[in-house]
Amino acid sequence: MSLLQDIINEAVSSQADVPRLLRLCLLLASRLKHEPLKVWARRELEGYPLDASLPQFRVLRGQHKGKFSNSGGSRVLEISLVVLPEELREHYRQVRCRESVAECADLVSKMENGRMMVPWPVELAVKYASKTVHNAQCTSAWTEVSPSEMVGLLDQIKTKVMAFALEIEEADPTAGEVQGAGVSVLKEEQVTQIFNTTISAGTVQNIAMGSTGAQQSAINGIQPGDVASLIGALISLGIEPDRIRKLELAIEEDRKADATGLGSKAKVWLADLALKSSQKAAETGAVSLVTMAAQALAIYFGISVT
């Protein structure tokens with residue numbers, strides 16, 4: 001199996017190992033001699049240094065809360081950022097996640113019944129958050145990040161990598177494979193253009209409909225080789241009818257070309273879905289539309305996604 005196919009299969013898998021996926025990207029970057037991909041993958045694996053700008057998908061939403069005490073006892077209440085000086089509000093409005101993907105995944109596993117808490121300096125809690133409640137002292141304050149925010153972060157990495165790998169494979173199916181004196185017929189500017197439109201281009205759109213369980217149920221209802229069940233699942237995911245029709249035509253063209261498994265036309269359709277989605281803002285915390293569509297296609301073609 002080719003390196004690109006390893007990357008695509010890992011990205012599509014419902015049990016994808018994101019650190020392994022990024023290590024495969026490092027190998028691909030080395031073989032393609034592409035520094036931007038190498039730098040991005042290393043930062044995702046090792047964490048972002050304080051002087052490095054963060055991609056938008058690593059800027060998370062949170063709720064601000066504090067513990068307030070008075071003679072009647074103590075309680076936890078939400079805090080509005082208007083109590084902070086204007087110059088501090090933007091800093092605390094969002095949580096900037098610089099941790100490695102392994103740390104992010106570990107946080108998700110530990111947060112299933114709770115939330116990640118980012119503490120505020122005590123002086124801010126005492127001096128400013130205390131303004132929230134009359135006759136009560138705020139003794140501690142923090143910003144809470146839900147597990148779905150962290151899941152969304154990891155999911156976007158998978159989607160971006162998959163979109164990149166699909167585009168590279170379409171341009172040169174042998175890219176990343178050591179062949180004699182050369183590695184790929186792709187020029188560096190071609191790889192950079194694909195990198196910029198799939199990985200660097202903002203965030204990937206996520207669907208904000210139904211629950212993750214409902215989406216997964218639709219995917220699990222697909223029968224291998226049954227187009228009707230595939231279309232039904234894609235409709236449930238919220239994919240536009242025109243786009244689904246294009247997929248039907250792509251599958252038919254691949255069949256006429258005697259393609260086995262996920263053919264080249266279907267891959268182009270999936271890559272186009274990822275590219276179009278990357279032009280819109282993300283609804284962090286939901287499961288990626290592109291990832292779910294890829295899993296749907298994998299099941300339809302009888303490819304394991306576990």
# chains A, B, ... in the order shown; residues from 1 in each chain; ligands from 1
$ select_by_dssp --residues "range 131-264 of chain A" --states "alpha helix (DSSP H)" --output "NGL selection string"
:A and (147-171 or 188-198 or 212-220 or 227-236 or 241-256 or 264)
$ residues_around --residues "Lys33 in chain A" --least-positions-apart "2" --cutoff "12 Å" --atoms "only C-alpha atoms" --output "PyMOL selection string"
chain A and resi 25-31+35-39+175-176+182-184+186-189+191-192
$ closest_residue --among "A:Ala171, A:Val227, A:Ile199, A:Ala105" --to "Ile157 in chain A" --atoms "only C-alpha atoms"
A:Ile199
$ closest_atom_pairs --of "range 65-104 of chain A" --to "range 45-57 of chain A" --cutoff "7 Å" --atoms "only C-alpha atoms" --output "JSON lines"
{"residue": "A:Arg98", "atom": "CA", "partner": "A:Tyr48", "partner_atom": "CA", "distance": 4.8}
{"residue": "A:Glu99", "atom": "CA", "partner": "A:Gly47", "partner_atom": "CA", "distance": 4.6}
{"residue": "A:Ser100", "atom": "CA", "partner": "A:Gly47", "partner_atom": "CA", "distance": 4.0}
{"residue": "A:Val101", "atom": "CA", "partner": "A:Leu45", "partner_atom": "CA", "distance": 5.7}
$ write_last_selection --atoms "N, CA and C atoms" --output "compact mmCIF listing (two decimals), in the first residue's frame"
# COMPACT_ATOMS: atom_id res chain seq x y z
N ARG A 98 -2.30 25.31 22.68
CA ARG A 98 -0.97 25.11 22.10
C ARG A 98 -0.43 23.71 22.38
N GLU A 99 -1.20 22.88 23.05
CA GLU A 99 -0.74 21.56 23.42
C GLU A 99 -0.58 20.65 22.19
N SER A 100 0.25 19.61 22.33
CA SER A 100 0.42 18.63 21.27
C SER A 100 -0.88 17.85 21.06
N VAL A 101 -1.02 17.21 19.89
CA VAL A 101 -2.24 16.44 19.64
C VAL A 101 -2.37 15.27 20.62
$ residues_around --residues "Ile231 in chain A" --least-positions-apart "4" --cutoff "10 Å" --atoms "only C-alpha atoms" --output "list in words"
Ile222, Asp226, Val227, Ile235, Ser236, Leu237, Ile239, Pro241, Ile244, Arg245, Leu247, Glu248 and Ala296 of chain A
$ write_last_selection --atoms "N, CA and C atoms" --output "compact mmCIF listing (two decimals), in the first residue's frame"
# COMPACT_ATOMS: atom_id res chain seq x y z
N ILE A 222 -25.61 2.16 6.10
CA ILE A 222 -25.21 1.96 4.70
C ILE A 222 -24.87 0.49 4.47
N ASP A 226 -24.83 -0.65 -1.98
CA ASP A 226 -26.22 -0.19 -2.08
C ASP A 226 -26.24 1.33 -2.20
N VAL A 227 -26.43 1.84 -3.43
CA VAL A 227 -26.39 3.28 -3.66
C VAL A 227 -27.49 4.00 -2.89
N ILE A 235 -27.81 12.40 2.58
CA ILE A 235 -28.89 13.37 2.79
C ILE A 235 -29.05 13.67 4.28
N SER A 236 -28.96 12.62 5.10
CA SER A 236 -29.06 12.79 6.55
C SER A 236 -27.94 13.66 7.09
N LEU A 237 -26.78 13.61 6.45
CA LEU A 237 -25.64 14.43 6.88
C LEU A 237 -25.79 15.88 6.45
N ILE A 239 -25.79 16.98 3.13
CA ILE A 239 -25.10 17.29 1.88
C ILE A 239 -26.14 17.64 0.82
N PRO A 241 -28.38 18.10 -2.50
CA PRO A 241 -28.77 17.13 -3.54
C PRO A 241 -27.90 17.21 -4.80
N ILE A 244 -24.69 15.46 -4.17
CA ILE A 244 -24.88 14.01 -4.13
C ILE A 244 -25.02 13.45 -5.54
N ARG A 245 -25.74 14.19 -6.41
CA ARG A 245 -25.89 13.76 -7.79
C ARG A 245 -24.53 13.68 -8.49
N LEU A 247 -21.78 12.97 -7.08
CA LEU A 247 -21.13 11.76 -6.58
C LEU A 247 -21.65 10.53 -7.31
N GLU A 248 -22.96 10.47 -7.52
CA GLU A 248 -23.52 9.33 -8.26
C GLU A 248 -22.88 9.21 -9.64
N ALA A 296 -18.74 7.22 5.04
CA ALA A 296 -19.88 6.68 4.30
C ALA A 296 -19.42 6.00 3.02
$ residues_around --residues "Val118 in chain A" --least-positions-apart "5" --cutoff "7 Å" --atoms "only C-alpha atoms" --output "PDB file with N, CA and C atoms, in the first residue's frame"
ATOM      1  N   TRP A 142     -12.264  30.786  36.298  1.00  0.00           N
ATOM      2  CA  TRP A 142     -11.653  29.944  35.270  1.00  0.00           C
ATOM      3  C   TRP A 142     -12.498  29.995  33.994  1.00  0.00           C
ATOM      4  N   THR A 143     -11.928  29.470  32.914  1.00  0.00           N
ATOM      5  CA  THR A 143     -12.650  29.296  31.652  1.00  0.00           C
ATOM      6  C   THR A 143     -12.777  27.805  31.396  1.00  0.00           C
ATOM      7  N   GLU A 144     -14.001  27.346  31.131  1.00  0.00           N
ATOM      8  CA  GLU A 144     -14.249  25.931  30.880  1.00  0.00           C
ATOM      9  C   GLU A 144     -14.354  25.666  29.376  1.00  0.00           C
TER      10      GLU A 144
END
$ closest_residue --among "A:Ala259, A:Ile219, A:Met150, A:Ala274" --to "Val95 in chain A" --atoms "only C-alpha atoms"
A:Met150
$ residues_around --residues "Cys104 in chain A" --least-positions-apart "4" --cutoff "12 Å" --atoms "only C-alpha atoms" --output "JSON, numbers by chain"
{"A": [18, 19, 44, 45, 46, 47, 58, 97, 98, 99, 100, 108, 109, 110, 111, 116, 145, 147, 148, 149, 150, 151, 152, 153, 154, 155, 157]}
$ closest_residue --among "A:Lys160, A:Lys65, A:Lys256, A:Arg43" --to "Thr291 in chain A" --atoms "only C-alpha atoms"
A:Lys160
